[in-house]
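S.K.: The structure that follows is given in the form of structure tokens.
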Amino acid sequence: MYFSEHNKKGWRLLGVPFIFAIFLLAVPIATMTTLSFWTQDYLTLIKTITLDNYKQAWFQPVFQTLFARSLIISLTVTFITILFAFPIAYYISFYGGKRKALWLFLITIPFWTSYLLRMFLWKVILGYNGVLNSFFEWLGVITEPLTFLLYNSNAVVLALVHGWAPFAILPIFVSLEKIDRSLLEASNDLGDNNLSQFFRIILPLSMPGVIGAVLIIFIPCIGDYITPKLVGGPEGLMIANMIQVQFSKANNAPLAAALSVTSLLIVGIISLLFVFLNRKYLRNY
Amino acid sequence: MKKSNKIFKVIVIFFLVFLYAPALLLPIFSFNNSKVISFPLSGFSTIWFEELLYENTLHNALFNSLLIAISSTILATILGTLVARASTRYIFYGKKISITFILVPLILPEIILGVCLLTVLIQLGLDLNLWSVVLGHTLLITPFSTLIMVSAFNNLDISLEEASLDLGMSSFQTFRIIILPMVSPGLISSLLIGFVISLDEFIIAFFLTGVEPTLPVYIWSQFRFPAKLPSTMALGTILLIVSLILVSLFEYFRRRMELYNYYSVGLDQN
């Protein structure tokens with residue numbers, strides 16, 4: 001009786017948002033997947049089921065390069081960001097004292113300012129006549145503007161690290177906060193030095209936060225459109241840029257859909273891999 | 001231990017400089033009296049801000065963005081509140097999976113959301129307009145609202161609600177007089193964050209907006225013209241200040257929410 005009452009009231013509340021999500025999430029994903037098995041001849045859709053789009057998406061060198069580059073860039077960004085974020089989260093959690101909330105607030109503010117403008121600023125900073133070049137010339141360090149700064153994969157990595165780092169700190173911080181401080185005292189008393197304490201206690205216990213941060217950064221980075229378009233140049237374009245081109249200029253929506261479904265699969269597989277590796281790692285403790 | 005502490009402090013300060021330095025360029029160059037964005041600075045001027053006053057396309061884009069941000073934020077907060085209430089108050093079949101499903105947009109790349117919605121709208125033969133962006137943004141913001149409202153409802157002491165019902169209030173009165181005021185910091189946080197996300201969102205709007213630009217889509221179009229750079233920097237400065245104010249307000253209300261939590265924990269212990 002009690003349970004069925006809960007059932008009724010719970011679903012009465014959840015009904016509208018759930019139907020909304022079905023229509024705006026499940027139906028669109030299903031439609032996109034269906035579209036990816038069709039083909040398009042100029043403006044008319046040919047609704048025969050075929051794997052042609054997937055053959056192109058998976059085996060044509062252009063797309064393979066783009067997928068590989070997107071994957072490498074987002075994995076690099078994730079790695080660098082975690083390397084940065086961990087010591088910072090550690091510092092705030094262990095030495096932040098009464099000002100923890102202030103530190104966190106300072107770090108998260110930039111995340112809420114326009115992403116578009118922040119990425120654009122990197123173009124302004126790294127450009128041929130940009131802030132960095134003009135500043136160095138003014139100082140007399142260089143006579144010719146440096147050209148290797150902008151329009152390559154490294155510029156994309158730099159801008160993305162800047163864009164996502166604030167978000168990586170939070171989950172790591174939360175998991176560090178949860179660590180029982182008496183465990184650390186115990187390990188010190190039993191003869192662990194700081195290094196072995198870090199690898200045997202702090203790192204394993206903060207792993208859920210690290211995995212959270214990895215997913216939070218990796219997923220949006222691999223599908224990023226703005227950054228590669230602004231600072232990547234032809235050598236730094238990623239898969240999202242190709243999806244957009246196929247949708248608009250190339251007028252090949254089915255291929256764009258196949259590329260999207262493939263990206264989604266890659267995101268899913270890599271995310272599951274991270275979660276799986278984490279379990280395996282934690283099983284050793 | 002003392003020494004390693006210092007090393008960490010250096011990393012943190014280096015990181016904060018890295019984080020803030022680019023944003024500082026916005027105010028510096030928007031007040032600079034030169035068409036080129038480069039050092040050395042040439043002089044103080046407010047012409048780039050004045051230029052913004054005469055950009056009609058900008059005013060339209062701003063109006064569109066405000067309309068979208070306000071509508072989608074209100075819709076998403078209503079949906080998020082419903083999900084959060086169901087999640088924190090009731091146990092029912094399919095609860096975990098249906099709520100996880102509603103949170104999925106959090107872990108989908110935005111371009112995929114954009115492509116999916118665009119595909120469906122085209123297949124249905126619907127026109128793209130501001131309302132299609134409202135739908136997209138509502139979908140995107142609902143998970144954020146849900147998470148904020150879940151923590152707001154978690155802070156709510158269920159015995160207050162039961163007491164009110166026992167003392168003869170109807171469930172609507174209980175909602176209006178007891179629940180609503182207690183979760184209002186959460187509601188305000190959700191509205192603020194939703195507004196900031198929508199005002200800032202580019203890629204979904206880029207796919208779904210049709211012919212009417214939103215503010216980010218307008219800014220994107222300005223990037224192509226070097227002559228427009230300084231006034232774009234000026235616009236960026238204004239946006240930066242607006243986001244700072246909204247996020248500080250958000251932080252204020254978030255702390256209010258934690259205070260409620262603190263008091264209700266205190267009550268439990270007595």
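Chain identifiers are assigned as A, B, and so on, following the order in which chains appear in the structure tokens; residues are numbered from 1 within each chain, and ligands are numbered from 1 in order of appearance.
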Could I get the residues of chain A with an atom no further than 6 Å from an atom of chain B, each paired with its nearest atom pair and that distance in Å to one decimal, using only C-alpha atoms, sorted by chain and residue number, as CSV?

M.R.:
```
residue,atom,partner,partner_atom,distance
A:His6,CA,B:Tyr90,CA,5.3
A:Asn7,CA,B:Phe92,CA,4.4
A:Gly10,CA,B:Ala86,CA,5.0
A:Leu13,CA,B:Leu82,CA,5.3
A:Leu14,CA,B:Val83,CA,5.4
A:Pro17,CA,B:Leu79,CA,5.3
A:Ala21,CA,B:Ile102,CA,5.9
A:Pro28,CA,B:Cys116,CA,4.9
A:Ile29,CA,B:Cys116,CA,5.6
A:Met32,CA,B:Cys116,CA,5.6
A:Ile88,CA,B:Val12,CA,5.6
A:Thr113,CA,B:Ser243,CA,5.8
A:Ser114,CA,B:Asp200,CA,5.5
A:Gly130,CA,B:Ser38,CA,5.8
A:Val131,CA,B:Ser38,CA,4.9
A:Ser134,CA,B:Phe39,CA,5.4
A:Phe135,CA,B:Phe39,CA,5.4
A:Pro220,CA,B:Pro109,CA,4.9
A:Gly223,CA,B:Pro109,CA,5.3
```

S.K.: Using only C-alpha atoms, which protein or nucleic acid residues come within 8 Å of Ile73 in chain A? Drop anything in the same chain fewer than 2 positions from it, and give the result as a ChimeraX atom specification.

M.R.: /A:69-71,75-77,153,156-157,222

S.K.: So what do you get for CA of Ser71 in chain B versus CA of Phe23 in chain A, distance-wise?

M.R.: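 Atom-to-atom, CA of Ser71 in chain B to CA of Phe23 in chain A, that is 18.5 Å.
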
S.K.: Under the rule that only C-alpha atoms are counted, which of A:Pro228, A:Ala213, A:Thr262, A:Glu235 is the nearest residue to Leu83 in chain A?

M.R.: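 For Leu83 in chain A, the nearest of the candidates is A:Ala213.
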
S.K.: Can you tell me, as a list in words, what residues are no more than 10 Å from Val214 in chain A when counting only C-alpha atoms, ignoring any on the same chain fewer than 6 positions away?

M.R.: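 With the cut-off at 10 Å, the set is Leu75, Val77, Thr78, Phe79, Thr81, Ile82, Ala168, Pro171, Ile172, Pro208, Ser271, Phe274 and Val275 of chain A.
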
S.K.: Would you output that residue set with C-alpha atoms, as a short mmCIF file (atom, residue, chain, number, x, y, z; two decimals), in the first residue's frame?

M.R.:
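Writing the result to out05.cif gives the following:
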```cif
data_model
loop_
_atom_site.label_atom_id
_atom_site.label_comp_id
_atom_site.auth_asym_id
_atom_site.auth_seq_id
_atom_site.Cartn_x
_atom_site.Cartn_y
_atom_site.Cartn_z
CA LEU A 75 43.43 12.42 -23.94
CA VAL A 77 44.23 17.57 -22.41
CA THR A 78 42.74 15.20 -19.83
CA PHE A 79 46.18 14.00 -18.71
CA THR A 81 44.60 18.85 -16.64
CA ILE A 82 44.59 16.07 -14.03
CA ALA A 168 38.58 19.06 -12.91
CA PRO A 171 35.54 16.26 -8.05
CA ILE A 172 39.13 15.58 -6.93
CA PRO A 208 36.74 8.07 -7.74
CA SER A 271 34.51 6.14 -20.60
CA PHE A 274 38.34 4.35 -17.57
CA VAL A 275 35.73 3.11 -15.12
#
```

S.K.: Between CA of Leu130 in chain B and CA of Ser260 in chain A, measure the distance and give it in Å to one decimal.

M.R.: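 CA of Ser260 in chain A lies 24.0 Å from CA of Leu130 in chain B.
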
S.K.: Give the alpha helix (DSSP H) residues of range 21-98 of chain A, as assigned by DSSP on the backbone, as JSON, numbers by chain.

M.R.: {"A": [21, 27, 28, 29, 30, 31, 32, 33, 34, 35, 52, 53, 54, 55, 56, 57, 58, 59, 61, 62, 63, 64, 65, 66, 67, 68, 69, 70, 71, 72, 73, 74, 75, 76, 77, 78, 79, 80, 81, 82, 83, 84, 85, 86, 87, 88, 89, 90, 91, 92, 93, 94, 95]}

S.K.: Limited to N, CA and C atoms, could you put the picked residues into a file as a compact mmCIF listing (two decimals), in the first residue's frame?

M.R.:
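Saved result, result12.txt, follows:
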```txt
# COMPACT_ATOMS: atom_id res chain seq x y z
N ALA A 21 12.17 14.31 -21.69
CA ALA A 21 13.46 13.71 -22.04
C ALA A 21 13.32 12.66 -23.13
N VAL A 27 14.10 10.14 -28.67
CA VAL A 27 13.63 10.21 -30.04
C VAL A 27 14.70 10.81 -30.97
N PRO A 28 15.32 11.95 -30.59
CA PRO A 28 16.38 12.49 -31.46
C PRO A 28 17.55 11.53 -31.67
N ILE A 29 17.98 10.83 -30.60
CA ILE A 29 19.12 9.91 -30.78
C ILE A 29 18.72 8.77 -31.73
N ALA A 30 17.48 8.28 -31.55
CA ALA A 30 16.99 7.21 -32.43
C ALA A 30 16.92 7.70 -33.87
N THR A 31 16.42 8.93 -34.06
CA THR A 31 16.31 9.47 -35.41
C THR A 31 17.68 9.62 -36.06
N MET A 32 18.63 10.12 -35.27
CA MET A 32 19.97 10.32 -35.81
C MET A 32 20.58 8.98 -36.21
N THR A 33 20.35 7.96 -35.37
CA THR A 33 20.90 6.65 -35.68
C THR A 33 20.27 6.09 -36.96
N THR A 34 18.94 6.27 -37.09
CA THR A 34 18.28 5.81 -38.31
C THR A 34 18.85 6.53 -39.53
N LEU A 35 18.97 7.84 -39.40
CA LEU A 35 19.47 8.66 -40.51
C LEU A 35 20.85 8.18 -40.96
N ASP A 52 26.99 2.16 -45.93
CA ASP A 52 27.95 2.98 -46.67
C ASP A 52 28.55 4.11 -45.84
N ASN A 53 27.67 4.79 -45.08
CA ASN A 53 28.17 5.93 -44.29
C ASN A 53 29.21 5.48 -43.28
N TYR A 54 28.95 4.31 -42.67
CA TYR A 54 29.90 3.81 -41.67
C TYR A 54 31.19 3.36 -42.32
N LYS A 55 31.07 2.78 -43.55
CA LYS A 55 32.28 2.40 -44.29
C LYS A 55 33.14 3.63 -44.50
N GLN A 56 32.48 4.71 -44.93
CA GLN A 56 33.24 5.96 -45.14
C GLN A 56 33.81 6.48 -43.83
N ALA A 57 32.95 6.56 -42.82
CA ALA A 57 33.36 7.17 -41.55
C ALA A 57 34.52 6.41 -40.91
N TRP A 58 34.52 5.09 -41.06
CA TRP A 58 35.54 4.30 -40.36
C TRP A 58 36.79 4.06 -41.19
N PHE A 59 36.65 4.05 -42.54
CA PHE A 59 37.81 3.61 -43.32
C PHE A 59 38.44 4.69 -44.19
N PRO A 61 40.67 7.74 -44.95
CA PRO A 61 41.78 8.33 -44.19
C PRO A 61 41.46 9.69 -43.55
N VAL A 62 40.68 10.54 -44.27
CA VAL A 62 40.34 11.86 -43.72
C VAL A 62 39.70 11.71 -42.34
N PHE A 63 38.70 10.83 -42.30
CA PHE A 63 37.94 10.70 -41.05
C PHE A 63 38.77 9.99 -39.99
N GLN A 64 39.54 8.98 -40.43
CA GLN A 64 40.41 8.28 -39.47
C GLN A 64 41.36 9.27 -38.80
N THR A 65 41.98 10.15 -39.64
CA THR A 65 42.89 11.15 -39.08
C THR A 65 42.18 12.02 -38.06
N LEU A 66 40.96 12.48 -38.44
CA LEU A 66 40.23 13.38 -37.54
C LEU A 66 39.87 12.70 -36.23
N PHE A 67 39.41 11.44 -36.33
CA PHE A 67 39.06 10.71 -35.10
C PHE A 67 40.29 10.53 -34.23
N ALA A 68 41.40 10.10 -34.88
CA ALA A 68 42.62 9.87 -34.12
C ALA A 68 43.08 11.16 -33.46
N ARG A 69 43.05 12.27 -34.21
CA ARG A 69 43.52 13.53 -33.64
C ARG A 69 42.63 13.97 -32.48
N SER A 70 41.30 13.85 -32.67
CA SER A 70 40.39 14.25 -31.58
C SER A 70 40.69 13.44 -30.33
N LEU A 71 40.93 12.15 -30.55
CA LEU A 71 41.19 11.26 -29.42
C LEU A 71 42.50 11.65 -28.73
N ILE A 72 43.56 11.84 -29.53
CA ILE A 72 44.87 12.18 -28.94
C ILE A 72 44.79 13.52 -28.21
N ILE A 73 44.18 14.52 -28.86
CA ILE A 73 44.10 15.84 -28.23
C ILE A 73 43.33 15.75 -26.92
N SER A 74 42.17 15.08 -26.93
CA SER A 74 41.37 15.10 -25.69
C SER A 74 42.03 14.27 -24.60
N LEU A 75 42.72 13.18 -24.97
CA LEU A 75 43.43 12.42 -23.94
C LEU A 75 44.59 13.23 -23.36
N THR A 76 45.33 13.95 -24.24
CA THR A 76 46.43 14.78 -23.75
C THR A 76 45.90 15.86 -22.80
N VAL A 77 44.82 16.52 -23.24
CA VAL A 77 44.23 17.57 -22.41
C VAL A 77 43.83 16.99 -21.04
N THR A 78 43.18 15.81 -21.08
CA THR A 78 42.74 15.20 -19.83
C THR A 78 43.93 14.93 -18.92
N PHE A 79 45.00 14.35 -19.49
CA PHE A 79 46.18 14.00 -18.71
C PHE A 79 46.81 15.25 -18.08
N ILE A 80 47.05 16.28 -18.90
CA ILE A 80 47.69 17.50 -18.38
C ILE A 80 46.82 18.15 -17.31
N THR A 81 45.50 18.19 -17.58
CA THR A 81 44.60 18.85 -16.64
C THR A 81 44.62 18.15 -15.28
N ILE A 82 44.59 16.81 -15.30
CA ILE A 82 44.59 16.07 -14.03
C ILE A 82 45.92 16.32 -13.30
N LEU A 83 47.01 16.34 -14.06
CA LEU A 83 48.33 16.58 -13.47
C LEU A 83 48.37 17.93 -12.76
N PHE A 84 47.69 18.92 -13.33
CA PHE A 84 47.58 20.25 -12.75
C PHE A 84 46.62 20.24 -11.56
N ALA A 85 45.45 19.63 -11.82
CA ALA A 85 44.33 19.76 -10.88
C ALA A 85 44.59 19.03 -9.58
N PHE A 86 45.30 17.90 -9.65
CA PHE A 86 45.48 17.11 -8.44
C PHE A 86 46.21 17.87 -7.34
N PRO A 87 47.43 18.42 -7.62
CA PRO A 87 48.14 19.15 -6.55
C PRO A 87 47.33 20.32 -6.02
N ILE A 88 46.55 20.96 -6.91
CA ILE A 88 45.79 22.12 -6.46
C ILE A 88 44.66 21.69 -5.52
N ALA A 89 43.93 20.64 -5.94
CA ALA A 89 42.87 20.12 -5.08
C ALA A 89 43.46 19.66 -3.76
N TYR A 90 44.65 19.03 -3.84
CA TYR A 90 45.33 18.54 -2.63
C TYR A 90 45.68 19.69 -1.71
N TYR A 91 46.24 20.74 -2.28
CA TYR A 91 46.62 21.90 -1.47
C TYR A 91 45.40 22.49 -0.76
N ILE A 92 44.32 22.68 -1.55
CA ILE A 92 43.13 23.31 -0.95
C ILE A 92 42.55 22.43 0.15
N SER A 93 42.50 21.11 -0.13
CA SER A 93 41.88 20.22 0.84
C SER A 93 42.72 20.08 2.11
N PHE A 94 44.05 20.01 1.96
CA PHE A 94 44.88 19.74 3.14
C PHE A 94 45.43 21.00 3.81
N TYR A 95 45.64 22.06 3.01
CA TYR A 95 46.21 23.26 3.60
C TYR A 95 45.31 24.49 3.46
```

S.K.: Within 6 Å of Phe253 in chain B, counting only C-alpha atoms, which residues show up once you throw out same-chain ones fewer than 3 positions away? Write them as a compact mmCIF listing (two decimals) with C-alpha atoms, in the first residue's frame, please.

M.R.:
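What follows is the written file selection02.txt:
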```txt
# COMPACT_ATOMS: atom_id res chain seq x y z
CA PRO B 185 17.77 29.54 -2.28
CA PHE B 250 24.81 32.13 -7.05
CA ARG B 256 22.34 30.31 2.31
```

S.K.: From the options A:Ile107, A:Cys221, A:Val231, A:Leu43, which residue's atoms come nearest to Asn154 in chain A, counting only C-alpha atoms?

M.R.: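 Comparing A:Ile107, A:Cys221, A:Val231, A:Leu43 against Asn154 in chain A, the winner is A:Val231.
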
S.K.: What is the distance, in Å and to one decimal place, between CA of Gly209 in chain A and CA of Val161 in chain A?

M.R.: 18.0 Å
